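Peer 1: This is the structure I want to talk about, given as structure tokens.
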Amino acid sequence: MSVIPEPGGDLIRASWIGTLIFVTAAVVATIDPDALGWPGIIVSLALFTMGAVAMLMAFFVAVERSRTQTIAVGGLYFGAGSTPRVIRGHLLGAAGIQLAVGITTASIRPFTVVAFGTLAPVFGLGLMGLWTARHGQFPEREPDPKR
């Protein structure tokens with residue numbers, strides 16, 4: 001029995017895998033930013049880039065769905081009212097861990113390369129938005145009486 005719910009299990013797995021890789025890289029970079037910081041920079045920038053791409057993909061899917069459904073930003077990127085609780089728990093939980101680790105490690109080693117870790121939560125939010133854009137439940141759009 002899988003603990004990863006469907007549909008969209010691939011996005012949930014990617015979110016947790018990215019979180020695990022980020023936490024590992026951030027902790028290692030915090031130990032010695034001068035010698036071990038480069039992997040943390042690479043991981044943080046890669047997650048940021050993938051998250052930004054996921055956000056754009058979510059936006060374009062949502063634009064297409066918005067022709068027939070009412071989609072709000074909170075419902076899209078945070079799953080408010082559009083995503084089952086278990087899915088939201090997984091995706092926002094991973095994003096929350098990314099945020100907590102990014103801020104904590106950056107505050108332990110301020111003004112170092114560890115600060116790049118604050119970019120990583122874009123990955124979690126991007127995957128949340130992409131999951132919701134693809135699988136979320138939104139109310140049908142009311143017909144426009146002017147048409």
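Chain labels follow the order of the structure tokens: the first chain is A, the next B, and so on; residue numbering restarts at 1 in every chain, and ligands are counted from 1 in their shown order.
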Taking the DSSP secondary structure from the backbone, can you list the residues of chain A that are helix (DSSP H, G or I), as a PyMOL selection string?

Peer 2: chain A and resi 9-31+33-65+73-77+85-108+113-119+121-135

Peer 1: Got a sec: who's within 10 Å of Pro110 in chain A, counting only C-alpha atoms, leaving out chain neighbours fewer than 6 positions off, as a compact mmCIF listing (two decimals) with C-alpha atoms, in the first residue's frame?

Peer 2:
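Now in result.txt:
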```txt
# COMPACT_ATOMS: atom_id res chain seq x y z
CA THR A 30 25.59 25.15 6.87
CA ILE A 103 15.19 30.29 6.77
CA THR A 104 16.79 28.39 9.66
```

Peer 1: Residues at most 12 Å from Phe60 in chain A, counting only C-alpha atoms, excluding those fewer than 3 positions away in the same chain, as a count of residues only?

Peer 2: 15

Peer 1: As an exercise, work out the distance from CA of Ala62 in chain A to CA of Thr83 in chain A in Å and give it to one decimal place.

Peer 2: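 Between CA of Ala62 in chain A and CA of Thr83 in chain A the gap is 14.0 Å.
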
Peer 1: Which is closer to Gly126 in chain A than all the others in A:Val101, A:Leu11, A:Ala52, A:Ala80, using only C-alpha atoms?

Peer 2: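 The answer is A:Ala52, which sits nearest to Gly126 in chain A.
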
Peer 1: Neighbours of Gly79 in chain A within 10 Å (only C-alpha atoms; same-chain residues fewer than 4 positions away dropped), as a PyMOL selection string?

Peer 2: chain A and resi 72-75+83-85+87-89+91-92+125+128-129+131-133+136-137

Peer 1: With only C-alpha atoms as the basis for distance, which of A:Thr19, A:Gln69, A:Thr112, A:Thr118 is at the shortest distance from Ile97 in chain A?

Peer 2: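 Result for the nearest residue to Ile97 in chain A: A:Thr19.
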
Peer 1: Excluding same-chain residues fewer than 5 positions from Gly18 in chain A, what lies within 10 Å of it counting only C-alpha atoms, as a JSON list (two decimals) with C-alpha atoms, in the first residue's frame?

Peer 2:
```json
[["chain", "number", "residue", "atom", "x", "y", "z"],
["A", 12, "ILE", "CA", 3.88, 14.53, -4.58],
["A", 13, "ARG", "CA", 6.86, 12.16, -4.80],
["A", 23, "VAL", "CA", 17.49, 19.51, 3.46],
["A", 24, "THR", "CA", 20.61, 17.39, 3.00],
["A", 43, "VAL", "CA", 20.35, 22.46, -5.36],
["A", 44, "SER", "CA", 18.66, 25.69, -4.25],
["A", 46, "ALA", "CA", 17.72, 24.07, -9.41],
["A", 47, "LEU", "CA", 14.70, 23.78, -7.12],
["A", 94, "ALA", "CA", 7.00, 19.64, 1.92],
["A", 95, "ALA", "CA", 6.96, 23.35, 1.01],
["A", 98, "GLN", "CA", 11.67, 23.75, 2.61],
["A", 120, "ALA", "CA", 13.91, 26.56, -2.52],
["A", 123, "PHE", "CA", 9.65, 24.44, -5.76],
["A", 124, "GLY", "CA", 7.06, 23.27, -3.25]]
```

Peer 1: Using only C-alpha atoms, can you tell me which of A:Phe116, A:Phe78, A:Phe138, A:Phe111 comes closest to Phe48 in chain A?

Peer 2: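 With only C-alpha atoms as the atom set, the closest residue is A:Phe116.
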
Peer 1: For Leu127 in chain A, which residue among A:Ala115, A:Ile31, A:Ala58, A:Val3 is the nearest when counting only C-alpha atoms?

Peer 2: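 Smallest separation from Leu127 in chain A among the options: A:Ala58.
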